[in-house]
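K.L.:
Sharing my_file_22.cif here; it has mmCIF, C-alpha atoms.
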```
data_data
loop_
_atom_site.group_PDB
_atom_site.id
_atom_site.type_symbol
_atom_site.label_atom_id
_atom_site.label_comp_id
_atom_site.auth_asym_id
_atom_site.auth_seq_id
_atom_site.Cartn_x
_atom_site.Cartn_y
_atom_site.Cartn_z
ATOM 1 C CA GLN A 1 204.338 111.980 256.568
ATOM 2 C CA GLN A 2 206.455 109.517 254.685
ATOM 3 C CA GLN A 3 205.204 105.977 255.111
ATOM 4 C CA VAL A 4 208.185 104.237 253.562
ATOM 5 C CA ARG A 5 211.687 105.355 254.445
ATOM 6 C CA GLN A 6 214.967 104.278 252.921
ATOM 7 C CA SER A 7 218.535 104.615 254.067
ATOM 8 C CA PRO A 8 221.143 105.512 253.191
ATOM 9 C CA GLN A 9 220.267 108.057 250.513
ATOM 10 C CA SER A 10 223.413 107.073 248.675
ATOM 11 C CA LEU A 11 225.853 104.200 248.989
ATOM 12 C CA THR A 12 229.207 103.506 247.373
ATOM 13 C CA VAL A 13 230.787 100.060 247.432
ATOM 14 C CA TRP A 14 233.685 98.386 245.657
ATOM 15 C CA GLU A 15 233.096 95.752 243.049
ATOM 16 C CA GLY A 16 232.680 92.386 244.756
ATOM 17 C CA GLU A 17 231.448 93.810 248.064
ATOM 18 C CA THR A 18 227.987 93.371 249.529
ATOM 19 C CA ALA A 19 225.713 96.412 249.382
ATOM 20 C CA ILE A 20 223.026 96.667 252.056
ATOM 21 C CA LEU A 21 220.051 98.925 251.431
ATOM 22 C CA ASN A 22 217.588 99.552 254.230
ATOM 23 C CA CYS A 23 213.876 100.225 254.274
ATOM 24 C CA SER A 24 211.302 100.770 257.012
ATOM 25 C CA TYR A 25 207.571 101.376 256.965
ATOM 26 C CA GLU A 26 204.845 102.607 259.250
ATOM 27 C CA ASN A 27 201.592 101.177 257.986
ATOM 28 C CA SER A 28 200.937 97.751 259.512
ATOM 29 C CA ALA A 29 198.530 97.011 256.659
ATOM 30 C CA PHE A 30 201.401 96.811 254.183
ATOM 31 C CA ASP A 31 202.104 93.183 253.420
ATOM 32 C CA TYR A 32 203.842 93.090 250.052
ATOM 33 C CA PHE A 33 207.179 94.764 249.425
ATOM 34 C CA PRO A 34 208.639 94.983 245.924
ATOM 35 C CA TRP A 35 212.014 96.537 245.217
ATOM 36 C CA TYR A 36 212.438 98.422 241.978
ATOM 37 C CA GLN A 37 215.690 99.275 240.203
ATOM 38 C CA GLN A 38 215.952 102.420 238.130
ATOM 39 C CA PHE A 39 218.734 103.437 235.736
ATOM 40 C CA PRO A 40 219.104 107.061 234.628
ATOM 41 C CA GLY A 41 216.634 108.020 231.909
ATOM 42 C CA GLU A 42 214.546 104.901 232.387
ATOM 43 C CA GLY A 43 211.507 103.894 234.366
ATOM 44 C CA PRO A 44 211.750 101.690 237.451
ATOM 45 C CA ALA A 45 211.833 97.935 236.872
ATOM 46 C CA LEU A 46 210.845 95.237 239.343
ATOM 47 C CA LEU A 47 213.898 93.545 240.845
ATOM 48 C CA ILE A 48 212.599 91.305 243.627
ATOM 49 C CA ALA A 49 209.658 91.243 246.032
ATOM 50 C CA ILE A 50 208.657 89.685 249.343
ATOM 51 C CA ARG A 51 205.407 89.018 251.145
ATOM 52 C CA SER A 52 205.116 89.686 254.862
ATOM 53 C CA VAL A 53 204.587 85.980 255.614
ATOM 54 C CA SER A 54 208.228 85.394 254.643
ATOM 55 C CA ASP A 55 211.372 86.591 256.340
ATOM 56 C CA LYS A 56 213.703 86.054 253.410
ATOM 57 C CA LYS A 57 213.527 86.057 249.637
ATOM 58 C CA GLU A 58 216.488 85.256 247.445
ATOM 59 C CA ASP A 59 217.030 85.694 243.722
ATOM 60 C CA GLY A 60 220.582 85.216 242.565
ATOM 61 C CA ARG A 61 222.761 87.925 244.073
ATOM 62 C CA PHE A 62 219.759 89.786 245.486
ATOM 63 C CA THR A 63 218.247 88.912 248.866
ATOM 64 C CA ILE A 64 215.528 90.616 250.887
ATOM 65 C CA PHE A 65 215.529 90.186 254.655
ATOM 66 C CA PHE A 66 212.234 91.083 256.331
ATOM 67 C CA ASN A 67 211.483 91.765 260.002
ATOM 68 C CA LYS A 68 207.747 92.197 260.461
ATOM 69 C CA ARG A 69 207.932 92.972 264.170
ATOM 70 C CA GLU A 70 210.262 95.885 263.602
ATOM 71 C CA LYS A 71 208.664 96.883 260.275
ATOM 72 C CA LYS A 72 212.029 96.794 258.583
ATOM 73 C CA LEU A 73 213.485 95.143 255.556
ATOM 74 C CA SER A 74 216.760 95.251 253.723
ATOM 75 C CA LEU A 75 218.043 94.423 250.272
ATOM 76 C CA HIS A 76 221.433 92.732 250.137
ATOM 77 C CA ILE A 77 223.336 92.732 246.872
ATOM 78 C CA THR A 78 226.249 90.340 247.067
ATOM 79 C CA ASP A 79 229.250 90.435 244.742
ATOM 80 C CA SER A 80 228.215 93.914 243.602
ATOM 81 C CA GLN A 81 228.950 94.721 239.966
ATOM 82 C CA PRO A 82 229.381 98.112 238.252
ATOM 83 C CA GLY A 83 226.218 97.293 236.291
ATOM 84 C CA ASP A 84 224.302 97.305 239.587
ATOM 85 C CA SER A 85 224.880 101.060 239.868
ATOM 86 C CA ALA A 86 221.368 102.463 239.914
ATOM 87 C CA THR A 87 218.700 103.865 242.207
ATOM 88 C CA TYR A 88 216.833 101.280 244.257
ATOM 89 C CA PHE A 89 213.328 101.921 245.492
ATOM 90 C CA CYS A 90 211.613 100.051 248.275
ATOM 91 C CA ALA A 91 207.852 100.006 247.852
ATOM 92 C CA ALA A 92 204.924 98.720 249.867
ATOM 93 C CA VAL A 93 201.310 97.813 249.234
ATOM 94 C CA ALA A 94 198.478 96.323 251.240
ATOM 95 C CA THR A 95 196.419 93.344 250.136
ATOM 96 C CA GLY A 96 193.423 94.811 248.400
ATOM 97 C CA GLY A 97 195.426 97.902 247.633
ATOM 98 C CA ASN A 98 194.728 97.663 243.909
ATOM 99 C CA ASN A 99 198.441 97.708 243.177
ATOM 100 C CA LYS A 100 198.729 101.242 244.557
ATOM 101 C CA LEU A 101 202.362 101.242 245.577
ATOM 102 C CA THR A 102 203.856 103.550 248.202
ATOM 103 C CA PHE A 103 207.497 104.186 247.374
ATOM 104 C CA GLY A 104 210.443 105.244 249.469
ATOM 105 C CA GLN A 105 212.740 108.010 248.282
ATOM 106 C CA GLY A 106 215.327 105.607 246.968
ATOM 107 C CA THR A 107 218.964 104.735 247.554
ATOM 108 C CA VAL A 108 221.491 105.648 244.888
ATOM 109 C CA LEU A 109 224.031 102.829 244.647
ATOM 110 C CA SER A 110 227.411 103.318 243.020
ATOM 111 C CA VAL A 111 229.671 100.323 242.503
ATOM 112 C CA ILE A 112 233.307 101.212 241.855
ATOM 113 C CA PRO A 113 235.319 98.816 239.682
ATOM 114 C CA ASP B 1 211.339 97.690 221.340
ATOM 115 C CA PRO B 2 209.777 99.543 224.249
ATOM 116 C CA LYS B 3 206.510 97.975 225.298
ATOM 117 C CA ILE B 4 205.234 101.110 227.013
ATOM 118 C CA ILE B 5 205.559 104.225 224.899
ATOM 119 C CA GLN B 6 205.405 107.654 226.473
ATOM 120 C CA LYS B 7 205.400 110.823 224.431
ATOM 121 C CA PRO B 8 207.037 113.243 224.505
ATOM 122 C CA LYS B 9 210.189 112.342 226.418
ATOM 123 C CA TYR B 10 210.755 115.974 227.382
ATOM 124 C CA LEU B 11 208.212 118.768 227.634
ATOM 125 C CA VAL B 12 208.625 122.443 228.483
ATOM 126 C CA ALA B 13 205.534 124.481 229.271
ATOM 127 C CA VAL B 14 204.718 127.940 230.527
ATOM 128 C CA THR B 15 202.731 128.564 233.687
ATOM 129 C CA GLY B 16 198.989 128.517 233.027
ATOM 130 C CA SER B 17 199.154 126.433 229.866
ATOM 131 C CA GLU B 18 197.746 122.972 229.225
ATOM 132 C CA LYS B 19 199.560 119.837 228.110
ATOM 133 C CA ILE B 20 198.712 116.224 227.340
ATOM 134 C CA LEU B 21 201.090 113.399 228.154
ATOM 135 C CA ILE B 22 200.646 110.348 225.957
ATOM 136 C CA CYS B 23 200.939 106.707 227.044
ATOM 137 C CA GLU B 24 200.400 103.529 225.046
ATOM 138 C CA GLN B 25 201.188 100.011 226.186
ATOM 139 C CA TYR B 26 201.659 96.963 223.991
ATOM 140 C CA LEU B 27 201.854 94.326 226.700
ATOM 141 C CA GLY B 28 198.203 93.324 226.495
ATOM 142 C CA HIS B 29 197.658 94.532 230.041
ATOM 143 C CA ASN B 30 194.285 95.424 231.480
ATOM 144 C CA ALA B 31 195.416 97.943 234.084
ATOM 145 C CA MET B 32 197.264 101.213 233.574
ATOM 146 C CA TYR B 33 198.609 103.811 235.990
ATOM 147 C CA TRP B 34 200.202 107.201 236.288
ATOM 148 C CA TYR B 35 202.957 107.904 238.807
ATOM 149 C CA ARG B 36 204.855 111.149 239.366
ATOM 150 C CA GLN B 37 208.492 111.508 240.394
ATOM 151 C CA SER B 38 209.603 114.959 241.493
ATOM 152 C CA ALA B 39 212.912 116.094 242.902
ATOM 153 C CA LYS B 40 211.660 116.491 246.445
ATOM 154 C CA LYS B 41 209.243 113.598 246.798
ATOM 155 C CA PRO B 42 209.225 109.832 246.340
ATOM 156 C CA LEU B 43 207.562 108.284 243.331
ATOM 157 C CA GLU B 44 203.878 109.004 243.912
ATOM 158 C CA PHE B 45 200.823 107.120 242.774
ATOM 159 C CA MET B 46 198.361 109.324 240.873
ATOM 160 C CA PHE B 47 195.728 107.209 239.090
ATOM 161 C CA SER B 48 194.876 103.630 238.277
ATOM 162 C CA TYR B 49 192.596 102.387 235.508
ATOM 163 C CA SER B 50 191.298 98.903 234.860
ATOM 164 C CA TYR B 51 189.515 98.060 231.616
ATOM 165 C CA GLN B 52 189.370 101.790 230.928
ATOM 166 C CA LYS B 53 187.569 102.572 234.172
ATOM 167 C CA LEU B 54 189.013 104.695 236.960
ATOM 168 C CA MET B 55 189.896 102.529 239.946
ATOM 169 C CA ASP B 56 191.725 104.938 242.208
ATOM 170 C CA ASN B 57 192.557 108.635 242.219
ATOM 171 C CA GLN B 58 195.138 109.961 244.643
ATOM 172 C CA THR B 59 195.524 113.335 242.965
ATOM 173 C CA ALA B 60 193.838 116.105 244.914
ATOM 174 C CA SER B 61 193.763 118.536 242.035
ATOM 175 C CA SER B 62 191.183 118.328 239.266
ATOM 176 C CA ARG B 63 193.773 119.912 236.981
ATOM 177 C CA PHE B 64 195.013 116.386 236.351
ATOM 178 C CA GLN B 65 192.632 114.398 234.162
ATOM 179 C CA PRO B 66 193.439 110.941 232.785
ATOM 180 C CA GLN B 67 191.905 110.042 229.440
ATOM 181 C CA SER B 68 191.505 106.491 228.157
ATOM 182 C CA SER B 69 190.351 106.276 224.526
ATOM 183 C CA LYS B 70 191.397 102.627 224.162
ATOM 184 C CA LYS B 71 192.251 99.841 226.589
ATOM 185 C CA ASN B 72 195.955 100.249 225.877
ATOM 186 C CA HIS B 73 195.960 104.057 226.067
ATOM 187 C CA LEU B 74 196.006 106.243 229.150
ATOM 188 C CA ASP B 75 196.855 109.858 228.492
ATOM 189 C CA LEU B 76 197.200 112.522 231.173
ATOM 190 C CA GLN B 77 195.836 116.008 230.597
ATOM 191 C CA ILE B 78 197.205 118.717 232.869
ATOM 192 C CA THR B 79 195.580 122.144 232.827
ATOM 193 C CA ALA B 80 196.574 125.483 234.354
ATOM 194 C CA LEU B 81 200.161 124.281 234.753
ATOM 195 C CA LYS B 82 202.190 125.455 237.744
ATOM 196 C CA PRO B 83 205.953 125.330 238.359
ATOM 197 C CA ASP B 84 205.273 122.768 241.132
ATOM 198 C CA ASP B 85 203.955 120.406 238.467
ATOM 199 C CA SER B 86 207.511 120.044 237.185
ATOM 200 C CA ALA B 87 208.349 116.352 237.525
ATOM 201 C CA THR B 88 208.860 113.187 235.563
ATOM 202 C CA TYR B 89 205.548 111.471 234.908
ATOM 203 C CA PHE B 90 205.647 107.705 234.542
ATOM 204 C CA CYS B 91 202.990 105.608 232.940
ATOM 205 C CA ALA B 92 202.832 101.989 234.069
ATOM 206 C CA SER B 93 200.758 98.911 233.370
ATOM 207 C CA SER B 94 200.046 95.489 234.829
ATOM 208 C CA HIS B 95 198.061 92.467 233.806
ATOM 209 C CA GLY B 96 195.566 92.936 236.616
ATOM 210 C CA THR B 97 195.110 95.141 239.659
ATOM 211 C CA SER B 98 195.874 92.579 242.322
ATOM 212 C CA TYR B 99 198.241 93.937 244.968
ATOM 213 C CA ASN B 100 201.123 91.712 243.857
ATOM 214 C CA GLU B 101 200.874 92.248 240.121
ATOM 215 C CA ARG B 102 204.159 93.296 238.578
ATOM 216 C CA LEU B 103 204.179 96.897 237.382
ATOM 217 C CA PHE B 104 205.908 97.724 234.108
ATOM 218 C CA PHE B 105 206.944 101.367 233.758
ATOM 219 C CA GLY B 106 207.547 103.485 230.695
ATOM 220 C CA HIS B 107 210.608 105.700 230.366
ATOM 221 C CA GLY B 108 208.716 108.750 231.570
ATOM 222 C CA THR B 109 207.918 112.252 230.355
ATOM 223 C CA LYS B 110 209.991 114.939 232.008
ATOM 224 C CA LEU B 111 207.859 118.051 232.366
ATOM 225 C CA SER B 112 209.364 121.434 233.151
ATOM 226 C CA VAL B 113 206.993 124.314 233.868
ATOM 227 C CA LEU B 114 208.520 127.784 233.607
#
```
How does this structure look as structure tokens?
P.N.:
Amino acid sequence: QQQVRQSPQSLTVWEGETAILNCSYENSAFDYFPWYQQFPGEGPALLIAIRSVSDKKEDGRFTIFFNKREKKLSLHITDSQPGDSATYFCAAVATGGNNKLTFGQGTVLSVIP
Amino acid sequence: DPKIIQKPKYLVAVTGSEKILICEQYLGHNAMYWYRQSAKKPLEFMFSYSYQKLMDNQTASSRFQPQSSKKNHLDLQITALKPDDSATYFCASSHGTSYNERLFFGHGTKLSVL
């Protein structure tokens, strides 16, 4: 049973458009949600994260919107650039979870120039 | 320079053999982890260590044994290899083990078991 789900599996946008990546979770104990970005041949790298007490977290062109009631969150990438082409993983962890992240299966983003 | 070094980058093994995946981190972190990424599953947590002590083990099989000879080393020994063990194994580290500590990942070791 997958506790963190992501959609779509893959997404293609034009340069300059906004990419929206979705994530949902099942475990109500999850209260911290980092997003990781992974380029081919590399390990994942932290991009941005949000705690469940917030409904929005912004960092430059990257924004997380969080809906605790519906157990959903989304990552918005505005003004998408070809260099943003990567796989994006939504992850979740509970307070006291000893940094044991539960990852979704990822969304592969392609940004066309 | 990479701060988390994993060796080798690629590894081919035959079914039933044993391999050791090497991980060293030069970030001065106190916690280290192993995660596995296979084609059919999300990135999965395997082990966490803090100050060279096992904190959490989510791997059902005893064929997977982490080994920590130094605070900045966490190797992974895999015995009796099976084709299902084929995956990319990522080592990671963080300053502490608090739930919101940033994880830093290595580039991974891609293991193929024939």
K.L.:
Select, from A:Glu70, A:Asp55, A:Asp79, A:Glu42, the residue with the minimum atom-to-atom distance to chain B, counting all atoms listed in the file.
P.N.:
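Smallest distance to chain B is found for A:Glu42.
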K.L.:
Padding 4 Å on each side, edges along x, y and z: where is the centre of the box around the listed atoms of range 67-82 of chain B, and how long are its edges in Å to one decimal? Output it as lines of an AutoDock Vina configuration file.
P.N.:
```
center_x = 196.3
center_y = 112.7
center_z = 231.0
size_x = 19.8
size_y = 33.6
size_z = 21.6
```
K.L.:
Tell me which of A:Lys68, A:Ser10, A:Glu26, A:Thr107 sits closest to chain B, counting all atoms listed in the file.
P.N.:
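Going through A:Lys68, A:Ser10, A:Glu26, A:Thr107 one by one, the smallest distance to chain B is for A:Thr107.
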K.L.:
Give as a list of chain:residue names every residue of chain A that touches chain B within 6 Å, counting all atoms listed in the file.
P.N.:
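Here is what falls inside 6 Å: A:Glu42, A:Gly43, A:Thr95, A:Gly96, A:Gly97, A:Asn98, A:Asn99, A:Phe103, A:Gly104, A:Gln105.
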K.L.:
Output C-alpha atoms for every residue in the selection just made, as a compact mmCIF listing (two decimals), keeping the file's coordinate frame.
P.N.:
```txt
# COMPACT_ATOMS: atom_id res chain seq x y z
CA GLU A 42 214.55 104.90 232.39
CA GLY A 43 211.51 103.89 234.37
CA THR A 95 196.42 93.34 250.14
CA GLY A 96 193.42 94.81 248.40
CA GLY A 97 195.43 97.90 247.63
CA ASN A 98 194.73 97.66 243.91
CA ASN A 99 198.44 97.71 243.18
CA PHE A 103 207.50 104.19 247.37
CA GLY A 104 210.44 105.24 249.47
CA GLN A 105 212.74 108.01 248.28
```
K.L.:
Could you name the residues that touch Tyr25 in chain A at 12 Å or less, counting all atoms listed in the file, but leaving out those on the same chain fewer than 6 positions away, as a count of residues only?
P.N.:
27
K.L.:
Could you check the closest approach to Phe65 in chain A for each of A:Cys23, A:Leu109, A:Gln37, A:Thr18 and tell me which residue wins, using only C-alpha atoms?
P.N.:
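Distance minimum relative to Phe65 in chain A lands on A:Cys23.
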K.L.:
Taking the file as I've supplied it (selection: the PyMOL selection byres ((chain B and resi 22) around 7)), which residues are included? Please answer as JSON, numbers by chain.
P.N.:
{"B": [6, 7, 20, 21, 23, 24, 74, 75, 76]}
K.L.:
If the PyMOL selection byres ((chain B and resi 17) around 6) is run on the structure shown, which residues does it catch, given as a PyMOL selection string?
P.N.:
chain B and resi 14-16+18+80-81
K.L.:
Please identify all polymer residues lying at most 12 Å from the point (202.1, 123.6, 235.2) (file coordinates), using all atoms listed in the file, and present the result as a PyMOL selection string.
P.N.:
chain B and resi 11-20+61+63-64+77-87+111-114
K.L.:
Applying 8 Å and only C-alpha atoms, which residues near Val108 in chain A remain after dropping the ones on its own chain fewer than 4 positions away? List them as a list of chain:residue names.
P.N.:
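Residues meeting the cut-off are A:Gln9, A:Ser10, A:Leu11, A:Ser85, A:Ala86, A:Thr87, A:Tyr88.
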K.L.:
Convert the output of the PyMOL selection byres ((chain A and resi 80-84) around 8) on the shown file into explicit residues, formatted as an mmCIF file with C-alpha atoms, in the frame of the given file.
P.N.:
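Output (out.cif):
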```cif
data_model
loop_
_atom_site.group_PDB
_atom_site.id
_atom_site.type_symbol
_atom_site.label_atom_id
_atom_site.label_comp_id
_atom_site.auth_asym_id
_atom_site.auth_seq_id
_atom_site.Cartn_x
_atom_site.Cartn_y
_atom_site.Cartn_z
ATOM 1 C CA VAL A 13 230.787 100.060 247.432
ATOM 2 C CA TRP A 14 233.685 98.386 245.657
ATOM 3 C CA GLU A 15 233.096 95.752 243.049
ATOM 4 C CA GLY A 16 232.680 92.386 244.756
ATOM 5 C CA GLU A 17 231.448 93.810 248.064
ATOM 6 C CA THR A 18 227.987 93.371 249.529
ATOM 7 C CA ALA A 19 225.713 96.412 249.382
ATOM 8 C CA ILE A 77 223.336 92.732 246.872
ATOM 9 C CA THR A 78 226.249 90.340 247.067
ATOM 10 C CA ASP A 79 229.250 90.435 244.742
ATOM 11 C CA SER A 85 224.880 101.060 239.868
ATOM 12 C CA ALA A 86 221.368 102.463 239.914
ATOM 13 C CA LEU A 109 224.031 102.829 244.647
ATOM 14 C CA SER A 110 227.411 103.318 243.020
ATOM 15 C CA VAL A 111 229.671 100.323 242.503
ATOM 16 C CA ILE A 112 233.307 101.212 241.855
ATOM 17 C CA PRO A 113 235.319 98.816 239.682
#
```
K.L.:
So how far away is CA of Ala45 in chain A from CA of Ser93 in chain B, in Å?
P.N.:
11.7 Å
K.L.:
Quick one, how far is CA of Ser24 in chain A from CA of Ala60 in chain B?
P.N.:
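CA of Ser24 in chain A sits 26.2 Å away from CA of Ala60 in chain B.
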K.L.:
Grab the CA of Ala29 in chain A to CA of Ser52 in chain A distance for me, in Å with one decimal place.
P.N.:
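CA of Ser52 in chain A lies 10.0 Å from CA of Ala29 in chain A.
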